[in-house]
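Asks: This one is data.txt, compact mmCIF, N, CA and C atoms and all ligand atoms.
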# COMPACT_ATOMS: atom_id res chain seq x y z
N MET A 1 -2.57 29.56 76.45
CA MET A 1 -1.87 29.59 77.72
C MET A 1 -2.30 30.82 78.51
N SER A 2 -2.34 30.67 79.83
CA SER A 2 -2.66 31.82 80.66
C SER A 2 -1.43 32.71 80.77
N SER A 3 -1.60 33.86 81.41
CA SER A 3 -0.54 34.87 81.38
C SER A 3 0.72 34.47 82.13
N ASP A 4 0.66 33.48 83.00
CA ASP A 4 1.91 33.10 83.67
C ASP A 4 2.41 31.72 83.25
N GLU A 5 1.93 31.21 82.13
CA GLU A 5 2.37 29.90 81.66
C GLU A 5 3.52 30.01 80.67
N PHE A 6 4.36 29.01 80.67
CA PHE A 6 5.42 28.88 79.67
C PHE A 6 5.62 27.38 79.41
N SER A 7 6.27 27.07 78.30
CA SER A 7 6.45 25.66 77.97
C SER A 7 7.93 25.35 77.79
N LEU A 8 8.25 24.12 78.13
CA LEU A 8 9.60 23.58 77.96
C LEU A 8 9.47 22.20 77.31
N TYR A 9 10.48 21.85 76.52
CA TYR A 9 10.53 20.49 76.00
C TYR A 9 10.97 19.53 77.10
N ASP A 10 10.35 18.38 77.16
CA ASP A 10 10.93 17.26 77.89
C ASP A 10 12.07 16.73 77.03
N LEU A 11 13.12 16.26 77.67
CA LEU A 11 14.29 15.77 76.94
C LEU A 11 14.58 14.32 77.29
N ARG A 12 15.17 13.64 76.34
CA ARG A 12 15.72 12.31 76.59
C ARG A 12 17.17 12.34 76.14
N VAL A 13 18.06 11.92 77.00
CA VAL A 13 19.50 11.86 76.68
C VAL A 13 19.89 10.40 76.69
N GLU A 14 20.39 9.92 75.56
CA GLU A 14 20.62 8.49 75.40
C GLU A 14 21.99 8.22 74.79
N VAL A 15 22.62 7.15 75.21
CA VAL A 15 23.86 6.69 74.59
C VAL A 15 23.46 6.04 73.26
N VAL A 16 23.92 6.63 72.13
CA VAL A 16 23.45 6.16 70.83
C VAL A 16 24.54 5.53 69.97
N ALA A 17 25.81 5.74 70.32
CA ALA A 17 26.87 5.19 69.47
C ALA A 17 28.13 4.99 70.28
N ASN A 18 28.99 4.15 69.73
CA ASN A 18 30.29 3.88 70.33
C ASN A 18 31.33 4.00 69.22
N ARG A 19 32.18 5.03 69.31
CA ARG A 19 33.21 5.26 68.30
C ARG A 19 34.56 4.70 68.73
N GLY A 20 34.56 3.88 69.74
CA GLY A 20 35.81 3.31 70.23
C GLY A 20 35.52 2.46 71.44
N ARG A 21 36.31 2.64 72.47
CA ARG A 21 36.07 1.92 73.73
C ARG A 21 35.18 2.75 74.62
N MET A 22 34.24 2.12 75.29
CA MET A 22 33.36 2.81 76.24
C MET A 22 34.05 2.80 77.61
N LEU A 23 34.99 3.70 77.79
CA LEU A 23 35.81 3.70 79.00
C LEU A 23 35.05 4.11 80.25
N CYS A 24 33.92 4.79 80.08
CA CYS A 24 33.12 5.19 81.25
C CYS A 24 32.04 4.16 81.54
N HIS A 25 32.12 3.03 80.86
CA HIS A 25 31.20 1.91 81.08
C HIS A 25 29.77 2.25 80.70
N GLU A 26 29.60 3.15 79.72
CA GLU A 26 28.27 3.39 79.19
C GLU A 26 27.82 2.14 78.42
N GLN A 27 26.53 2.04 78.25
CA GLN A 27 25.95 0.98 77.43
C GLN A 27 25.05 1.67 76.40
N ILE A 28 25.12 1.22 75.15
CA ILE A 28 24.20 1.75 74.15
C ILE A 28 22.78 1.56 74.69
N GLY A 29 22.00 2.62 74.64
CA GLY A 29 20.63 2.57 75.13
C GLY A 29 20.46 3.13 76.54
N ASP A 30 21.56 3.28 77.30
CA ASP A 30 21.43 3.95 78.60
C ASP A 30 20.86 5.34 78.38
N TYR A 31 20.02 5.79 79.27
CA TYR A 31 19.40 7.10 79.07
C TYR A 31 18.95 7.70 80.40
N PHE A 32 18.64 8.98 80.33
CA PHE A 32 17.88 9.63 81.39
C PHE A 32 16.95 10.63 80.72
N GLU A 33 15.94 11.04 81.46
CA GLU A 33 14.96 11.99 80.92
C GLU A 33 14.90 13.22 81.82
N VAL A 34 14.62 14.35 81.19
CA VAL A 34 14.55 15.63 81.89
C VAL A 34 13.16 16.21 81.66
N SER A 35 12.53 16.61 82.75
CA SER A 35 11.23 17.28 82.67
C SER A 35 11.27 18.46 83.64
N GLY A 36 11.21 19.66 83.09
CA GLY A 36 11.37 20.83 83.94
C GLY A 36 12.72 20.78 84.63
N GLY A 37 12.72 20.90 85.93
CA GLY A 37 13.96 20.87 86.69
C GLY A 37 14.31 19.51 87.26
N ARG A 38 13.69 18.46 86.75
CA ARG A 38 13.91 17.13 87.32
C ARG A 38 14.52 16.19 86.29
N ILE A 39 15.44 15.35 86.77
CA ILE A 39 16.07 14.30 85.96
C ILE A 39 15.62 12.96 86.50
N ALA A 40 15.25 12.05 85.60
CA ALA A 40 14.80 10.72 86.01
C ALA A 40 15.61 9.66 85.27
N PHE A 41 16.03 8.65 86.01
CA PHE A 41 16.77 7.52 85.46
C PHE A 41 15.90 6.27 85.54
N PRO A 42 16.06 5.34 84.61
CA PRO A 42 15.35 4.08 84.75
C PRO A 42 15.84 3.38 86.01
N PRO A 43 15.00 2.59 86.65
CA PRO A 43 15.41 1.90 87.87
C PRO A 43 16.67 1.06 87.65
N GLY A 44 17.64 1.24 88.54
CA GLY A 44 18.85 0.42 88.51
C GLY A 44 19.91 0.84 87.51
N GLN A 45 19.63 1.86 86.71
CA GLN A 45 20.61 2.26 85.70
C GLN A 45 21.38 3.48 86.15
N GLY A 46 22.70 3.45 86.02
CA GLY A 46 23.52 4.60 86.34
C GLY A 46 23.84 5.40 85.09
N PHE A 47 24.69 6.41 85.27
CA PHE A 47 25.12 7.23 84.13
C PHE A 47 26.48 7.81 84.50
N PRO A 48 27.43 7.87 83.56
CA PRO A 48 28.78 8.30 83.92
C PRO A 48 28.83 9.77 84.38
N LEU A 49 29.53 9.99 85.48
CA LEU A 49 29.60 11.30 86.11
C LEU A 49 30.16 12.36 85.18
N TYR A 50 31.27 12.08 84.49
CA TYR A 50 31.92 13.12 83.69
C TYR A 50 31.12 13.41 82.43
N ALA A 51 30.47 12.41 81.88
CA ALA A 51 29.58 12.66 80.75
C ALA A 51 28.40 13.52 81.21
N MET A 52 27.87 13.21 82.37
CA MET A 52 26.76 14.01 82.92
C MET A 52 27.19 15.46 83.10
N ALA A 53 28.42 15.67 83.60
CA ALA A 53 28.92 17.04 83.81
C ALA A 53 29.01 17.80 82.49
N ALA A 54 29.35 17.10 81.41
CA ALA A 54 29.44 17.76 80.11
C ALA A 54 28.07 18.03 79.51
N LEU A 55 27.11 17.19 79.81
CA LEU A 55 25.77 17.32 79.22
C LEU A 55 24.92 18.36 79.95
N LEU A 56 25.08 18.48 81.25
CA LEU A 56 24.20 19.34 82.04
C LEU A 56 24.08 20.78 81.53
N PRO A 57 25.18 21.45 81.14
CA PRO A 57 25.02 22.85 80.70
C PRO A 57 24.16 23.02 79.45
N LEU A 58 24.04 21.97 78.65
CA LEU A 58 23.29 22.06 77.40
C LEU A 58 21.79 21.89 77.61
N LEU A 59 21.40 21.25 78.68
CA LEU A 59 20.00 20.83 78.83
C LEU A 59 19.02 21.99 78.94
N PRO A 60 19.29 23.03 79.75
CA PRO A 60 18.31 24.13 79.81
C PRO A 60 18.09 24.80 78.45
N ALA A 61 19.14 24.90 77.64
CA ALA A 61 18.95 25.50 76.31
C ALA A 61 18.13 24.59 75.42
N LYS A 62 18.39 23.29 75.49
CA LYS A 62 17.63 22.34 74.67
C LYS A 62 16.16 22.27 75.10
N GLN A 63 15.88 22.62 76.34
CA GLN A 63 14.50 22.60 76.80
C GLN A 63 13.66 23.71 76.18
N ARG A 64 14.33 24.76 75.71
CA ARG A 64 13.62 25.95 75.24
C ARG A 64 13.59 26.02 73.73
N ASP A 65 12.59 26.73 73.19
CA ASP A 65 12.55 26.97 71.75
C ASP A 65 13.78 27.76 71.34
N THR A 66 14.38 27.35 70.24
CA THR A 66 15.53 28.04 69.69
C THR A 66 15.27 28.28 68.21
N ALA A 67 15.98 29.24 67.63
CA ALA A 67 15.78 29.57 66.21
C ALA A 67 16.14 28.38 65.33
N PRO A 68 15.44 28.21 64.20
CA PRO A 68 15.75 27.08 63.31
C PRO A 68 17.21 27.08 62.83
N THR A 69 17.83 28.25 62.77
CA THR A 69 19.21 28.35 62.30
C THR A 69 20.24 28.23 63.43
N ASP A 70 19.78 28.14 64.64
CA ASP A 70 20.67 28.04 65.81
C ASP A 70 21.25 26.63 65.88
N TRP A 71 22.56 26.52 66.10
CA TRP A 71 23.16 25.18 66.21
C TRP A 71 22.56 24.39 67.36
N MET A 72 22.03 25.10 68.34
CA MET A 72 21.40 24.40 69.47
C MET A 72 20.14 23.66 69.00
N THR A 73 19.54 24.12 67.91
CA THR A 73 18.39 23.44 67.33
C THR A 73 18.83 22.22 66.51
N THR A 74 19.87 22.40 65.71
CA THR A 74 20.23 21.36 64.73
C THR A 74 21.15 20.29 65.28
N ASP A 75 21.94 20.60 66.28
CA ASP A 75 22.95 19.65 66.77
C ASP A 75 22.42 18.95 68.02
N SER A 76 22.53 17.65 68.03
CA SER A 76 22.00 16.92 69.18
C SER A 76 22.94 15.82 69.68
N ASP A 77 24.02 15.54 68.96
CA ASP A 77 24.95 14.50 69.39
C ASP A 77 26.14 15.12 70.11
N ILE A 78 26.47 14.57 71.26
CA ILE A 78 27.52 15.09 72.12
C ILE A 78 28.49 13.95 72.41
N ALA A 79 29.78 14.21 72.23
CA ALA A 79 30.80 13.20 72.53
C ALA A 79 31.08 13.17 74.02
N CYS A 80 31.49 12.00 74.49
CA CYS A 80 31.93 11.88 75.88
C CYS A 80 33.15 12.78 76.08
N PRO A 81 33.23 13.49 77.22
CA PRO A 81 34.36 14.39 77.43
C PRO A 81 35.69 13.67 77.66
N ASP A 82 35.66 12.36 77.94
CA ASP A 82 36.90 11.60 78.05
C ASP A 82 37.41 11.36 76.64
N VAL A 83 38.56 11.94 76.29
CA VAL A 83 39.08 11.88 74.93
C VAL A 83 39.34 10.45 74.46
N HIS A 84 39.50 9.52 75.38
CA HIS A 84 39.76 8.13 75.02
C HIS A 84 38.49 7.29 74.97
N CYS A 85 37.35 7.90 75.26
CA CYS A 85 36.08 7.16 75.29
C CYS A 85 35.30 7.44 74.01
N GLY A 86 34.68 6.42 73.47
CA GLY A 86 33.98 6.56 72.21
C GLY A 86 32.49 6.79 72.30
N ALA A 87 31.97 7.00 73.49
CA ALA A 87 30.52 7.13 73.63
C ALA A 87 30.01 8.43 73.00
N VAL A 88 28.84 8.32 72.37
CA VAL A 88 28.14 9.47 71.82
C VAL A 88 26.75 9.50 72.44
N PHE A 89 26.38 10.67 72.92
CA PHE A 89 25.08 10.86 73.57
C PHE A 89 24.20 11.71 72.67
N ARG A 90 22.93 11.43 72.63
CA ARG A 90 21.98 12.23 71.83
C ARG A 90 20.94 12.85 72.75
N ILE A 91 20.77 14.16 72.61
CA ILE A 91 19.74 14.88 73.35
C ILE A 91 18.55 15.04 72.40
N SER A 92 17.44 14.43 72.73
CA SER A 92 16.24 14.49 71.89
C SER A 92 15.15 15.27 72.60
N ARG A 93 14.55 16.18 71.85
CA ARG A 93 13.39 16.90 72.38
C ARG A 93 12.17 16.00 72.23
N MET A 94 11.44 15.87 73.33
CA MET A 94 10.23 15.07 73.31
C MET A 94 9.05 16.04 73.27
N GLY A 95 7.95 15.72 73.88
CA GLY A 95 6.82 16.62 73.91
C GLY A 95 7.08 17.84 74.77
N LYS A 96 6.27 18.85 74.55
CA LYS A 96 6.37 20.05 75.37
C LYS A 96 5.45 19.92 76.57
N ARG A 97 5.88 20.52 77.67
CA ARG A 97 5.10 20.52 78.90
C ARG A 97 4.90 21.97 79.33
N VAL A 98 3.71 22.28 79.81
CA VAL A 98 3.39 23.65 80.24
C VAL A 98 3.64 23.78 81.74
N PHE A 99 4.30 24.85 82.11
CA PHE A 99 4.58 25.18 83.51
C PHE A 99 3.98 26.54 83.81
N ARG A 100 3.78 26.81 85.10
CA ARG A 100 3.29 28.12 85.54
C ARG A 100 4.41 28.82 86.30
N HIS A 101 4.66 30.06 85.92
CA HIS A 101 5.69 30.84 86.58
C HIS A 101 5.47 30.87 88.09
N SER A 102 4.23 31.02 88.49
CA SER A 102 3.93 31.12 89.93
C SER A 102 4.25 29.84 90.69
N GLU A 103 4.38 28.71 89.97
CA GLU A 103 4.70 27.45 90.62
C GLU A 103 6.18 27.08 90.51
N GLU A 104 6.92 27.83 89.68
CA GLU A 104 8.34 27.49 89.43
C GLU A 104 9.31 28.55 89.92
N SER A 105 8.79 29.73 90.29
CA SER A 105 9.68 30.83 90.65
C SER A 105 9.16 31.54 91.89
N GLY A 106 10.08 32.02 92.70
CA GLY A 106 9.71 32.84 93.84
C GLY A 106 9.68 34.31 93.49
N GLU A 107 10.10 34.66 92.27
CA GLU A 107 10.11 36.04 91.83
C GLU A 107 8.77 36.40 91.22
N PRO A 108 8.30 37.64 91.43
CA PRO A 108 7.06 38.04 90.78
C PRO A 108 7.29 38.32 89.29
N LEU A 109 6.27 38.10 88.49
CA LEU A 109 6.36 38.49 87.07
C LEU A 109 6.47 40.00 86.98
N GLY A 110 7.23 40.49 86.03
CA GLY A 110 7.37 41.93 85.84
C GLY A 110 8.38 42.56 86.76
N GLY A 111 9.10 41.75 87.54
CA GLY A 111 10.13 42.28 88.42
C GLY A 111 11.39 42.62 87.64
N PRO A 112 12.48 42.90 88.37
CA PRO A 112 13.75 43.25 87.69
C PRO A 112 14.23 42.12 86.79
N ARG A 113 14.90 42.47 85.72
CA ARG A 113 15.42 41.46 84.77
C ARG A 113 16.93 41.50 84.70
ZN ZN A 201 32.68 8.00 78.23
If you took the structure in this file and wrote it as structure tokens, what would it be?

Replies:
Amino acid sequence: MSSDEFSLYDLRVEVVANRGRMLCHEQIGDYFEVSGGRIAFPPGQGFPLYAMAALLPLLPAKQRDTAPTDWMTTDSDIACPDVHCGAVFRISRMGKRVFRHSEESGEPLGGPR
């Protein structure tokens, strides 16, 4: 990698199980993918708003390398935040993608931290 490159995992977030009623109208197999700062959905498929709100804070951490002993590395199943909904979502790390700092940030390298 050149001096301003870094890598992030592409992610796939998928509905993988139903532990009760799917009150948010999820369907097993519904998914979205994350690459860098972009989220992509399959054509015509939606995703529940409140589940999305619960998943979003985890995604930047899952995109980055984490220690093998970190729970962020080992845990990938997330329950729907609606206590009455049985949906389970899985965040899977896919391939890594290389980005350039100069193309992703307006801040210079070596600036304040
Ligand atoms: Zn739900």

Asks: Around ligand ZN 201 (chain A), out to 10 Å and counting only C-alpha atoms and all ligand atoms, which residues are there? I want them as number ranges by chain.

Replies: A: 15, 18, 20-27, 47-52, 79-89

Asks: Out of A:Arg12, A:Glu5, A:Glu107, A:Gly29, which residue has the shortest atom-to-atom distance to Gly95 (chain A) when counting all atoms listed in the file?

Replies: A:Arg12

Asks: Between CA of Val98 (chain A) and CA of Ser7 (chain A), what is the spacing in Å?

Replies: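 Answer for the CA of Ser7 (chain A) to CA of Val98 (chain A) separation: 4.3 Å.
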
Asks: Just checking: using only C-alpha atoms, which residue out of A:Pro112, A:Ser92, A:Pro60, A:Ile28 ends up closest to Asp75 (chain A)?

Replies: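 The answer is A:Ser92, which sits nearest to Asp75 (chain A).
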
Asks: What separation in Å, quoted to one decimal, exists between atom C of Leu11 (chain A) and atom N of Thr66 (chain A)?

Replies: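 Here the two named atoms are 14.8 Å from each other.
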
Asks: Under the rule that only C-alpha atoms are counted, which of A:Val13, A:Asp70, A:Leu55, A:Arg19 is the nearest residue to Pro42 (chain A)?

Replies: A:Val13

Asks: What is the CA of Ser3 (chain A)-CA of Arg97 (chain A) distance in Å, reported with one decimal?

Replies: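 Separation of CA of Ser3 (chain A) and CA of Arg97 (chain A): 15.6 Å.
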
Asks: DSSP on the backbone: what in chain A comes out helix (DSSP H, G or I), as a tab-separated table (two decimals) with N, CA and C atoms, keeping the file's coordinate frame?

Replies:
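Ended up saving to result_26.tsv:
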chain	number	residue	atom	x	y	z
A	49	LEU	N	29.53	9.99	85.48
A	49	LEU	CA	29.60	11.30	86.11
A	49	LEU	C	30.16	12.36	85.18
A	50	TYR	N	31.27	12.08	84.49
A	50	TYR	CA	31.92	13.12	83.69
A	50	TYR	C	31.12	13.41	82.43
A	51	ALA	N	30.47	12.41	81.88
A	51	ALA	CA	29.58	12.66	80.75
A	51	ALA	C	28.40	13.52	81.21
A	52	MET	N	27.87	13.21	82.37
A	52	MET	CA	26.76	14.01	82.92
A	52	MET	C	27.19	15.46	83.10
A	53	ALA	N	28.42	15.67	83.60
A	53	ALA	CA	28.92	17.04	83.81
A	53	ALA	C	29.01	17.80	82.49
A	54	ALA	N	29.35	17.10	81.41
A	54	ALA	CA	29.44	17.76	80.11
A	54	ALA	C	28.07	18.03	79.51
A	55	LEU	N	27.11	17.19	79.81
A	55	LEU	CA	25.77	17.32	79.22
A	55	LEU	C	24.92	18.36	79.95
A	56	LEU	N	25.08	18.48	81.25
A	56	LEU	CA	24.20	19.34	82.04
A	56	LEU	C	24.08	20.78	81.53
A	57	PRO	N	25.18	21.45	81.14
A	57	PRO	CA	25.02	22.85	80.70
A	57	PRO	C	24.16	23.02	79.45
A	58	LEU	N	24.04	21.97	78.65
A	58	LEU	CA	23.29	22.06	77.40
A	58	LEU	C	21.79	21.89	77.61
A	59	LEU	N	21.40	21.25	78.68
A	59	LEU	CA	20.00	20.83	78.83
A	59	LEU	C	19.02	21.99	78.94
A	60	PRO	N	19.29	23.03	79.75
A	60	PRO	CA	18.31	24.13	79.81
A	60	PRO	C	18.09	24.80	78.45
A	61	ALA	N	19.14	24.90	77.64
A	61	ALA	CA	18.95	25.50	76.31
A	61	ALA	C	18.13	24.59	75.42
A	62	LYS	N	18.39	23.29	75.49
A	62	LYS	CA	17.63	22.34	74.67
A	62	LYS	C	16.16	22.27	75.10
A	63	GLN	N	15.88	22.62	76.34
A	63	GLN	CA	14.50	22.60	76.80
A	63	GLN	C	13.66	23.71	76.18
A	71	TRP	N	22.56	26.52	66.10
A	71	TRP	CA	23.16	25.18	66.21
A	71	TRP	C	22.56	24.39	67.36
A	72	MET	N	22.03	25.10	68.34
A	72	MET	CA	21.40	24.40	69.47
A	72	MET	C	20.14	23.66	69.00
A	73	THR	N	19.54	24.12	67.91
A	73	THR	CA	18.39	23.44	67.33
A	73	THR	C	18.83	22.22	66.51
A	74	THR	N	19.87	22.40	65.71
A	74	THR	CA	20.23	21.36	64.73
A	74	THR	C	21.15	20.29	65.28
A	101	HIS	N	4.66	30.06	85.92
A	101	HIS	CA	5.69	30.84	86.58
A	101	HIS	C	5.47	30.87	88.09
A	102	SER	N	4.23	31.02	88.49
A	102	SER	CA	3.93	31.12	89.93
A	102	SER	C	4.25	29.84	90.69
A	103	GLU	N	4.38	28.71	89.97
A	103	GLU	CA	4.70	27.45	90.62
A	103	GLU	C	6.18	27.08	90.51
A	104	GLU	N	6.92	27.83	89.68
A	104	GLU	CA	8.34	27.49	89.43
A	104	GLU	C	9.31	28.55	89.92

Asks: Where does DSSP see strand (DSSP E) in chain A, if you list the residues as number ranges by chain?

Replies: A: 5-18, 31-35, 38-40, 77-79, 87-100

Asks: Using 3 Å of padding on each side, determine the axis-aligned box around all atoms of region 58-69 of chain A present in the file and give its centre and edge lengths in Å to one decimal, as JSON.

Replies:
{"center_x": 18.3, "center_y": 25.2, "center_z": 71.1, "size_x": 17.5, "size_y": 14.7, "size_z": 23.5}
